[in-house]
file data.cif (mmCIF, N, CA and C atoms)
data_model
loop_
_atom_site.label_atom_id
_atom_site.label_comp_id
_atom_site.auth_asym_id
_atom_site.auth_seq_id
_atom_site.Cartn_x
_atom_site.Cartn_y
_atom_site.Cartn_z
N MET V 108 -31.40 2.12 2.14
CA MET V 108 -30.87 0.93 2.80
C MET V 108 -29.34 1.01 2.81
N LYS V 109 -28.76 0.85 3.97
CA LYS V 109 -27.31 0.88 4.11
C LYS V 109 -26.70 -0.43 3.64
N GLN V 110 -25.63 -0.31 2.85
CA GLN V 110 -24.96 -1.53 2.42
C GLN V 110 -24.06 -2.02 3.54
N LYS V 111 -23.85 -3.32 3.60
CA LYS V 111 -23.11 -3.94 4.70
C LYS V 111 -21.69 -3.38 4.81
N TRP V 112 -21.04 -3.09 3.70
CA TRP V 112 -19.65 -2.64 3.76
C TRP V 112 -19.51 -1.22 4.28
N LEU V 113 -20.61 -0.50 4.43
CA LEU V 113 -20.56 0.85 4.97
C LEU V 113 -20.72 0.88 6.49
N THR V 114 -21.02 -0.24 7.09
CA THR V 114 -21.26 -0.28 8.52
C THR V 114 -19.94 -0.25 9.28
N GLY V 115 -20.00 0.14 10.54
CA GLY V 115 -18.82 0.18 11.40
C GLY V 115 -18.19 -1.18 11.56
N GLU V 116 -18.95 -2.23 11.40
CA GLU V 116 -18.45 -3.60 11.55
C GLU V 116 -17.26 -3.84 10.61
N VAL V 117 -17.36 -3.37 9.39
CA VAL V 117 -16.28 -3.56 8.42
C VAL V 117 -15.11 -2.63 8.75
N PHE V 118 -15.39 -1.37 9.09
CA PHE V 118 -14.32 -0.42 9.36
C PHE V 118 -13.51 -0.79 10.59
N ASN V 119 -14.09 -1.50 11.54
CA ASN V 119 -13.34 -1.94 12.70
C ASN V 119 -12.38 -3.07 12.36
N ALA V 120 -12.58 -3.70 11.22
CA ALA V 120 -11.76 -4.84 10.84
C ALA V 120 -10.62 -4.46 9.89
N VAL V 121 -10.46 -3.18 9.59
CA VAL V 121 -9.41 -2.74 8.67
C VAL V 121 -8.56 -1.67 9.33
N PHE V 122 -7.38 -1.45 8.76
CA PHE V 122 -6.51 -0.37 9.22
C PHE V 122 -5.81 0.20 8.01
N PRO V 123 -5.48 1.49 8.03
CA PRO V 123 -4.86 2.11 6.85
C PRO V 123 -3.39 1.73 6.73
N LEU V 124 -2.96 1.56 5.52
CA LEU V 124 -1.54 1.33 5.21
C LEU V 124 -1.15 2.37 4.17
N PRO V 125 -0.14 3.17 4.47
CA PRO V 125 0.23 4.22 3.52
C PRO V 125 0.66 3.65 2.17
N ASN V 126 0.19 4.23 1.08
CA ASN V 126 0.55 3.78 -0.27
C ASN V 126 2.06 3.88 -0.50
N GLU V 127 2.70 4.89 0.10
CA GLU V 127 4.12 5.15 -0.13
C GLU V 127 5.01 4.00 0.33
N VAL V 128 4.49 3.13 1.19
CA VAL V 128 5.30 2.03 1.70
C VAL V 128 5.77 1.12 0.55
N PHE V 129 5.04 1.12 -0.55
CA PHE V 129 5.41 0.29 -1.68
C PHE V 129 6.49 0.94 -2.55
N GLN V 130 6.86 2.16 -2.24
CA GLN V 130 7.93 2.86 -2.97
C GLN V 130 9.27 2.76 -2.25
N LEU V 131 9.32 2.05 -1.14
CA LEU V 131 10.52 2.03 -0.31
C LEU V 131 11.45 0.87 -0.61
N GLY V 132 11.06 -0.01 -1.50
CA GLY V 132 11.93 -1.12 -1.87
C GLY V 132 12.10 -2.16 -0.77
N LEU V 133 11.06 -2.37 0.01
CA LEU V 133 11.13 -3.36 1.08
C LEU V 133 11.00 -4.77 0.51
N LYS V 134 11.68 -5.71 1.13
CA LYS V 134 11.49 -7.12 0.79
C LYS V 134 10.11 -7.52 1.30
N ALA V 135 9.55 -8.57 0.71
CA ALA V 135 8.21 -9.01 1.08
C ALA V 135 8.13 -9.33 2.57
N SER V 136 9.14 -9.98 3.12
CA SER V 136 9.10 -10.35 4.54
C SER V 136 9.25 -9.13 5.44
N ASP V 137 10.05 -8.13 5.03
CA ASP V 137 10.14 -6.87 5.80
C ASP V 137 8.77 -6.18 5.79
N LEU V 138 8.15 -6.17 4.63
CA LEU V 138 6.84 -5.54 4.48
C LEU V 138 5.80 -6.23 5.37
N LEU V 139 5.85 -7.54 5.44
CA LEU V 139 4.90 -8.28 6.26
C LEU V 139 5.04 -7.91 7.73
N VAL V 140 6.26 -7.82 8.22
CA VAL V 140 6.49 -7.42 9.61
C VAL V 140 6.03 -5.98 9.82
N TYR V 141 6.32 -5.10 8.85
CA TYR V 141 5.89 -3.70 8.94
C TYR V 141 4.37 -3.60 8.99
N ILE V 142 3.70 -4.37 8.17
CA ILE V 142 2.24 -4.36 8.16
C ILE V 142 1.69 -4.81 9.51
N TYR V 143 2.32 -5.83 10.10
CA TYR V 143 1.85 -6.28 11.41
C TYR V 143 2.04 -5.19 12.46
N LEU V 144 3.17 -4.49 12.43
CA LEU V 144 3.40 -3.40 13.38
C LEU V 144 2.39 -2.27 13.16
N GLN V 145 2.07 -1.99 11.90
CA GLN V 145 1.06 -0.98 11.59
C GLN V 145 -0.29 -1.39 12.20
N TYR V 146 -0.59 -2.67 12.08
CA TYR V 146 -1.84 -3.21 12.61
C TYR V 146 -1.92 -3.05 14.13
N ARG V 147 -0.79 -3.26 14.81
CA ARG V 147 -0.76 -3.24 16.27
C ARG V 147 -0.58 -1.85 16.88
N LYS V 148 -0.10 -0.88 16.11
CA LYS V 148 0.23 0.42 16.69
C LYS V 148 -1.01 1.17 17.16
N GLY V 149 -0.79 2.03 18.14
CA GLY V 149 -1.85 2.91 18.61
C GLY V 149 -2.08 4.01 17.60
N ALA V 150 -3.31 4.38 17.38
CA ALA V 150 -3.65 5.38 16.36
C ALA V 150 -3.00 6.73 16.66
N ARG V 151 -2.97 7.13 17.92
CA ARG V 151 -2.41 8.43 18.27
C ARG V 151 -0.92 8.38 18.55
N SER V 152 -0.48 7.34 19.25
CA SER V 152 0.93 7.28 19.66
C SER V 152 1.83 6.77 18.55
N GLY V 153 1.31 5.92 17.68
CA GLY V 153 2.15 5.30 16.66
C GLY V 153 3.09 4.27 17.25
N GLN V 154 2.76 3.79 18.45
CA GLN V 154 3.64 2.85 19.16
C GLN V 154 2.94 1.53 19.46
N CYS V 155 3.76 0.49 19.59
CA CYS V 155 3.27 -0.81 20.05
C CYS V 155 4.46 -1.57 20.63
N TRP V 156 4.21 -2.67 21.32
CA TRP V 156 5.31 -3.41 21.93
C TRP V 156 5.10 -4.91 21.91
N PRO V 157 4.73 -5.49 20.76
CA PRO V 157 4.64 -6.95 20.71
C PRO V 157 6.04 -7.57 20.76
N SER V 158 6.13 -8.74 21.32
CA SER V 158 7.42 -9.43 21.38
C SER V 158 7.76 -10.01 20.01
N TYR V 159 9.04 -10.38 19.84
CA TYR V 159 9.44 -11.04 18.59
C TYR V 159 8.61 -12.30 18.39
N ALA V 160 8.37 -13.05 19.47
CA ALA V 160 7.61 -14.30 19.37
C ALA V 160 6.17 -14.03 18.93
N THR V 161 5.56 -12.98 19.46
CA THR V 161 4.18 -12.62 19.08
C THR V 161 4.11 -12.25 17.61
N ILE V 162 5.07 -11.43 17.17
CA ILE V 162 5.10 -11.04 15.76
C ILE V 162 5.31 -12.27 14.89
N GLY V 163 6.27 -13.10 15.29
CA GLY V 163 6.57 -14.32 14.53
C GLY V 163 5.38 -15.23 14.38
N LYS V 164 4.65 -15.41 15.47
CA LYS V 164 3.46 -16.27 15.42
C LYS V 164 2.42 -15.69 14.46
N ALA V 165 2.26 -14.37 14.48
CA ALA V 165 1.26 -13.73 13.62
C ALA V 165 1.62 -13.79 12.14
N VAL V 166 2.91 -13.71 11.81
CA VAL V 166 3.31 -13.64 10.41
C VAL V 166 3.98 -14.92 9.90
N GLY V 167 4.08 -15.92 10.76
CA GLY V 167 4.63 -17.21 10.34
C GLY V 167 6.14 -17.21 10.17
N MET V 168 6.84 -16.55 11.10
CA MET V 168 8.31 -16.49 11.05
C MET V 168 8.87 -16.86 12.41
N SER V 169 10.12 -17.27 12.41
CA SER V 169 10.79 -17.55 13.68
C SER V 169 11.13 -16.25 14.38
N ARG V 170 11.40 -16.34 15.67
CA ARG V 170 11.77 -15.17 16.47
C ARG V 170 13.01 -14.49 15.89
N LYS V 171 13.99 -15.28 15.52
CA LYS V 171 15.25 -14.76 14.98
C LYS V 171 15.03 -14.06 13.64
N THR V 172 14.17 -14.63 12.81
CA THR V 172 13.87 -14.02 11.51
C THR V 172 13.17 -12.69 11.69
N VAL V 173 12.23 -12.63 12.64
CA VAL V 173 11.53 -11.37 12.93
C VAL V 173 12.55 -10.33 13.39
N GLN V 174 13.48 -10.74 14.23
CA GLN V 174 14.50 -9.83 14.73
C GLN V 174 15.30 -9.23 13.58
N LYS V 175 15.64 -10.06 12.60
CA LYS V 175 16.37 -9.59 11.42
C LYS V 175 15.56 -8.57 10.63
N HIS V 176 14.27 -8.84 10.45
CA HIS V 176 13.42 -7.93 9.67
C HIS V 176 13.15 -6.63 10.42
N ILE V 177 13.04 -6.68 11.73
CA ILE V 177 12.90 -5.46 12.52
C ILE V 177 14.16 -4.61 12.31
N GLY V 178 15.33 -5.24 12.32
CA GLY V 178 16.58 -4.52 12.08
C GLY V 178 16.58 -3.83 10.72
N ALA V 179 16.05 -4.50 9.72
CA ALA V 179 15.97 -3.91 8.38
C ALA V 179 15.04 -2.70 8.37
N LEU V 180 13.93 -2.79 9.08
CA LEU V 180 12.99 -1.66 9.15
C LEU V 180 13.59 -0.47 9.89
N VAL V 181 14.38 -0.77 10.92
CA VAL V 181 15.07 0.29 11.65
C VAL V 181 16.11 0.94 10.73
N ASP V 182 16.87 0.12 10.00
CA ASP V 182 17.88 0.65 9.08
C ASP V 182 17.27 1.53 8.00
N LYS V 183 16.07 1.19 7.56
CA LYS V 183 15.40 1.98 6.51
C LYS V 183 14.69 3.21 7.08
N GLY V 184 14.71 3.37 8.40
CA GLY V 184 14.15 4.55 9.02
C GLY V 184 12.64 4.52 9.22
N LEU V 185 12.03 3.36 9.06
CA LEU V 185 10.58 3.26 9.21
C LEU V 185 10.16 3.09 10.67
N VAL V 186 11.03 2.47 11.45
CA VAL V 186 10.68 2.11 12.82
C VAL V 186 11.84 2.49 13.74
N GLN V 187 11.50 2.99 14.92
CA GLN V 187 12.49 3.21 15.97
C GLN V 187 12.17 2.23 17.09
N THR V 188 13.20 1.68 17.72
CA THR V 188 12.97 0.76 18.82
C THR V 188 13.58 1.31 20.10
N GLU V 189 12.98 0.92 21.20
CA GLU V 189 13.44 1.36 22.50
C GLU V 189 13.25 0.20 23.48
N GLU V 190 14.27 -0.09 24.28
CA GLU V 190 14.16 -1.17 25.24
C GLU V 190 13.23 -0.76 26.38
N THR V 191 12.49 -1.73 26.90
CA THR V 191 11.60 -1.48 28.03
C THR V 191 11.94 -2.44 29.15
N THR V 192 11.50 -2.13 30.35
CA THR V 192 11.69 -3.02 31.49
C THR V 192 10.36 -3.28 32.17
N ILE V 193 10.30 -4.39 32.86
CA ILE V 193 9.11 -4.77 33.60
C ILE V 193 9.52 -4.97 35.06
N ARG V 194 8.80 -4.33 35.97
CA ARG V 194 9.05 -4.52 37.41
C ARG V 194 7.95 -5.42 37.96
N ARG V 195 8.37 -6.58 38.46
CA ARG V 195 7.40 -7.53 39.01
C ARG V 195 7.04 -7.16 40.45
N LYS V 196 6.01 -7.77 40.96
CA LYS V 196 5.57 -7.50 42.34
C LYS V 196 6.65 -7.83 43.36
N ASN V 197 7.49 -8.82 43.02
CA ASN V 197 8.56 -9.20 43.95
C ASN V 197 9.73 -8.22 43.91
N GLY V 198 9.65 -7.18 43.09
CA GLY V 198 10.68 -6.16 43.04
C GLY V 198 11.74 -6.37 41.98
N PHE V 199 11.78 -7.55 41.36
CA PHE V 199 12.77 -7.83 40.34
C PHE V 199 12.42 -7.08 39.05
N VAL V 200 13.45 -6.63 38.34
CA VAL V 200 13.26 -5.92 37.08
C VAL V 200 13.74 -6.82 35.95
N TYR V 201 12.92 -6.96 34.93
CA TYR V 201 13.23 -7.80 33.78
C TYR V 201 13.18 -6.96 32.51
N ASN V 202 13.86 -7.45 31.49
CA ASN V 202 13.74 -6.80 30.17
C ASN V 202 12.36 -7.08 29.63
N GLY V 203 11.73 -6.05 29.08
CA GLY V 203 10.43 -6.21 28.44
C GLY V 203 10.60 -6.33 26.94
N SER V 204 9.49 -6.31 26.24
CA SER V 204 9.53 -6.30 24.77
C SER V 204 10.02 -4.92 24.32
N LEU V 205 10.50 -4.86 23.10
CA LEU V 205 10.89 -3.57 22.54
C LEU V 205 9.65 -2.71 22.34
N LEU V 206 9.82 -1.41 22.52
CA LEU V 206 8.76 -0.46 22.20
C LEU V 206 9.04 0.01 20.78
N TYR V 207 8.11 -0.22 19.87
CA TYR V 207 8.27 0.17 18.48
C TYR V 207 7.53 1.48 18.24
N THR V 208 8.21 2.44 17.66
CA THR V 208 7.57 3.68 17.25
C THR V 208 7.65 3.74 15.73
N LEU V 209 6.49 3.73 15.09
CA LEU V 209 6.45 3.79 13.63
C LEU V 209 6.43 5.24 13.21
N LYS V 210 7.41 5.63 12.43
CA LYS V 210 7.48 7.02 11.96
C LYS V 210 6.38 7.25 10.92
N PRO V 211 5.82 8.45 10.91
CA PRO V 211 4.85 8.77 9.84
C PRO V 211 5.54 8.64 8.48
N ILE V 212 4.85 8.04 7.54
CA ILE V 212 5.45 7.74 6.24
C ILE V 212 5.89 9.01 5.52
N GLN V 213 5.18 10.12 5.72
CA GLN V 213 5.58 11.37 5.07
C GLN V 213 6.95 11.82 5.59
N GLN V 214 7.20 11.63 6.86
CA GLN V 214 8.50 11.98 7.44
C GLN V 214 9.60 11.11 6.85
N VAL V 215 9.33 9.82 6.71
CA VAL V 215 10.31 8.90 6.12
C VAL V 215 10.62 9.32 4.69
N MET V 216 9.58 9.66 3.92
CA MET V 216 9.79 10.06 2.53
C MET V 216 10.58 11.36 2.44
N ARG V 217 10.32 12.32 3.33
CA ARG V 217 11.09 13.58 3.34
C ARG V 217 12.56 13.31 3.67
N GLU V 218 12.81 12.44 4.65
CA GLU V 218 14.18 12.11 5.03
C GLU V 218 14.92 11.44 3.87
N ARG V 219 14.23 10.55 3.16
CA ARG V 219 14.84 9.88 2.01
C ARG V 219 15.14 10.86 0.89
N GLU V 220 14.23 11.81 0.67
CA GLU V 220 14.44 12.82 -0.37
C GLU V 220 15.66 13.68 -0.02
N LYS V 221 15.79 14.05 1.24
CA LYS V 221 16.93 14.84 1.70
C LYS V 221 18.24 14.08 1.48
N GLU V 222 18.25 12.79 1.85
CA GLU V 222 19.44 11.96 1.64
C GLU V 222 19.80 11.88 0.17
N PHE V 223 18.78 11.69 -0.67
CA PHE V 223 19.01 11.58 -2.11
C PHE V 223 19.61 12.87 -2.66
N LEU V 224 19.06 14.02 -2.25
CA LEU V 224 19.58 15.30 -2.72
C LEU V 224 21.02 15.53 -2.23
N THR V 225 21.30 15.12 -1.02
CA THR V 225 22.66 15.24 -0.48
C THR V 225 23.63 14.39 -1.31
N GLU V 226 23.21 13.17 -1.66
CA GLU V 226 24.04 12.30 -2.48
C GLU V 226 24.27 12.91 -3.87
N LEU V 227 23.22 13.51 -4.44
CA LEU V 227 23.35 14.16 -5.75
C LEU V 227 24.35 15.32 -5.69
N LYS V 228 24.26 16.13 -4.64
CA LYS V 228 25.18 17.26 -4.48
C LYS V 228 26.61 16.76 -4.33
N LEU V 229 26.81 15.70 -3.59
CA LEU V 229 28.14 15.13 -3.41
C LEU V 229 28.67 14.60 -4.74
N ALA V 230 27.83 13.89 -5.49
CA ALA V 230 28.25 13.36 -6.78
C ALA V 230 28.63 14.49 -7.73
N GLU V 231 27.86 15.58 -7.71
CA GLU V 231 28.17 16.73 -8.57
C GLU V 231 29.50 17.37 -8.16
N ALA V 232 29.72 17.50 -6.87
CA ALA V 232 30.98 18.08 -6.38
C ALA V 232 32.16 17.18 -6.78
N GLN V 233 31.99 15.87 -6.69
CA GLN V 233 33.06 14.94 -7.08
C GLN V 233 33.33 15.03 -8.57
N ARG V 234 32.28 15.17 -9.37
CA ARG V 234 32.45 15.28 -10.82
C ARG V 234 33.22 16.55 -11.16
N LYS V 235 32.87 17.67 -10.52
CA LYS V 235 33.58 18.92 -10.77
C LYS V 235 35.04 18.83 -10.33
N TRP V 236 35.27 18.18 -9.21
CA TRP V 236 36.65 18.01 -8.72
C TRP V 236 37.47 17.19 -9.72
N ALA V 237 36.85 16.11 -10.22
CA ALA V 237 37.54 15.27 -11.18
C ALA V 237 37.85 16.05 -12.46
N GLN V 238 36.92 16.91 -12.90
CA GLN V 238 37.17 17.74 -14.08
C GLN V 238 38.34 18.68 -13.85
N ARG V 239 38.39 19.30 -12.67
CA ARG V 239 39.49 20.21 -12.35
C ARG V 239 40.83 19.48 -12.33
N GLN V 240 40.82 18.29 -11.74
CA GLN V 240 42.04 17.50 -11.67
C GLN V 240 42.50 17.10 -13.06
N GLY V 241 41.53 16.74 -13.90
CA GLY V 241 41.85 16.37 -15.28
C GLY V 241 42.42 17.55 -16.05
N ALA V 242 41.85 18.74 -15.84
CA ALA V 242 42.34 19.94 -16.49
C ALA V 242 43.74 20.29 -15.99
N ALA V 243 43.98 20.08 -14.70
CA ALA V 243 45.31 20.39 -14.13
C ALA V 243 46.37 19.45 -14.70
N VAL V 244 46.02 18.17 -14.93
CA VAL V 244 46.96 17.21 -15.47
C VAL V 244 47.30 17.55 -16.92
N VAL V 245 46.30 17.97 -17.68
CA VAL V 245 46.50 18.34 -19.08
C VAL V 245 47.43 19.54 -19.19
N LYS V 246 47.29 20.55 -18.31
CA LYS V 246 48.11 21.74 -18.34
C LYS V 246 49.55 21.43 -17.95
N ALA V 247 49.76 20.44 -17.09
CA ALA V 247 51.11 20.14 -16.60
C ALA V 247 51.91 19.44 -17.63
#

call {"tool": "encode", "arguments": {"input": "data.cif", "output": "structure tokens"}}
result
Amino acid sequence: MKQKWLTGEVFNAVFPLPNEVFQLGLKASDLLVYIYLQYRKGARSGQCWPSYATIGKAVGMSRKTVQKHIGALVDKGLVQTEETTIRRKNGFVYNGSLLYTLKPIQQVMREREKEFLTELKLAEAQRKWAQRQGAAVVKA
């Protein structure tokens, strides 16, 4: 006998969220917006285009607050945004919703590791420079 939780009915109601997202130091509200974008993205493309108002309604935030949190996700390298346009039947072109591309979490983690190693190398170079300068002052 198949248990209810093994049926496709349950699997259609869930979506995967990478565990690593909890290692990124996101604020709870940034995380909530990120989770909503994960929910809306296409499985193959990794893209979606809900409006700020749509996201806000889903997560209980104002349009302006959503805009701020999207900016934070872009700054952290989790999401890329691209402006879109809509051409109406009457020929007029309007701004559309942003197109969100969610980067694969493994790529984000590799980029962060690279940045961290670069910062470590810079700190080590600065420490060595300071030692040399200190030695030069002592000799003078």

call {"tool": "atom_distance", "arguments": {"input": "data.cif", "atom1": "atom N of Lys221 (chain V)", "atom2": "atom C of Gly178 (chain V)"}}
result
20.3 Å

call {"tool": "axis_aligned_box", "arguments": {"input": "data.cif", "around": "region 126-132 of chain V", "padding_each_side": "8 Å", "output": "AutoDock Vina command-line options"}}
result
--center_x 6.1 --center_y 1.5 --center_z -0.6 --size_x 27.9 --size_y 23.3 --size_z 20.7

call {"tool": "atom_distance", "arguments": {"input": "data.cif", "atom1": "atom N of Leu180 (chain V)", "atom2": "CA of Asp137 (chain V)"}}
result
6.5 Å

call {"tool": "atom_distance", "arguments": {"input": "data.cif", "atom1": "CA of Ala160 (chain V)", "atom2": "CA of Ile142 (chain V)"}}
result
15.9 Å

call {"tool": "residues_near_point", "arguments": {"input": "data.cif", "point": "(2.2, 2.2, 10.0)", "cutoff": "12 Å", "atoms": "only C-alpha atoms", "output": "VMD selection string"}}
result
chain V and resid 122 to 128 138 to 155 180 185 to 187 207 to 215

call {"tool": "resolve_selection", "arguments": {"input": "data.cif", "expression": "the PyMOL selection byres ((chain V and resi 190) around 7)", "output": "list in words"}}
result
Thr188, Glu189, Thr191, Thr192, Gly203, Ser204, Leu205 and Leu206 of chain V

call {"tool": "select_by_dssp", "arguments": {"input": "data.cif", "residues": "chain V", "states": "strand (DSSP E)", "output": "list in words"}}
result
Gln154, Cys155, Val186, Gln187, Thr188, Glu189, Thr192, Ile193, Arg194, Val200, Tyr201, Asn202, Leu206, Tyr207, Thr208 and Leu209 of chain V

call {"tool": "build_atoms", "arguments": {"input": "data.cif", "residues": "region 190-202 of chain V", "atoms": "N, CA, C and O atoms", "output": "CSV table (one decimal), keeping the file's coordinate frame"}}
result
chain,number,residue,atom,x,y,z
V,190,GLU,N,14.3,-0.1,24.3
V,190,GLU,CA,14.2,-1.2,25.2
V,190,GLU,C,13.2,-0.8,26.4
V,190,GLU,O,13.2,0.4,26.8
V,191,THR,N,12.5,-1.7,26.9
V,191,THR,CA,11.6,-1.5,28.0
V,191,THR,C,11.9,-2.4,29.2
V,191,THR,O,12.6,-3.5,28.9
V,192,THR,N,11.5,-2.1,30.4
V,192,THR,CA,11.7,-3.0,31.5
V,192,THR,C,10.4,-3.3,32.2
V,192,THR,O,9.4,-2.5,32.1
V,193,ILE,N,10.3,-4.4,32.9
V,193,ILE,CA,9.1,-4.8,33.6
V,193,ILE,C,9.5,-5.0,35.1
V,193,ILE,O,10.5,-5.7,35.3
V,194,ARG,N,8.8,-4.3,36.0
V,194,ARG,CA,9.0,-4.5,37.4
V,194,ARG,C,8.0,-5.4,38.0
V,194,ARG,O,6.8,-5.1,37.9
V,195,ARG,N,8.4,-6.6,38.5
V,195,ARG,CA,7.4,-7.5,39.0
V,195,ARG,C,7.0,-7.2,40.4
V,195,ARG,O,7.7,-6.3,41.1
V,196,LYS,N,6.0,-7.8,41.0
V,196,LYS,CA,5.6,-7.5,42.3
V,196,LYS,C,6.6,-7.8,43.4
V,196,LYS,O,6.7,-7.2,44.4
V,197,ASN,N,7.5,-8.8,43.0
V,197,ASN,CA,8.6,-9.2,44.0
V,197,ASN,C,9.7,-8.2,43.9
V,197,ASN,O,10.7,-8.4,44.6
V,198,GLY,N,9.6,-7.2,43.1
V,198,GLY,CA,10.7,-6.2,43.0
V,198,GLY,C,11.7,-6.4,42.0
V,198,GLY,O,12.5,-5.5,41.7
V,199,PHE,N,11.8,-7.6,41.4
V,199,PHE,CA,12.8,-7.8,40.3
V,199,PHE,C,12.4,-7.1,39.0
V,199,PHE,O,11.3,-6.9,38.7
V,200,VAL,N,13.4,-6.6,38.3
V,200,VAL,CA,13.3,-5.9,37.1
V,200,VAL,C,13.7,-6.8,36.0
V,200,VAL,O,14.8,-7.4,36.0
V,201,TYR,N,12.9,-7.0,34.9
V,201,TYR,CA,13.2,-7.8,33.8
V,201,TYR,C,13.2,-7.0,32.5
V,201,TYR,O,12.5,-5.9,32.5
V,202,ASN,N,13.9,-7.4,31.5
V,202,ASN,CA,13.7,-6.8,30.2
V,202,ASN,C,12.4,-7.1,29.6
V,202,ASN,O,11.9,-8.2,29.7
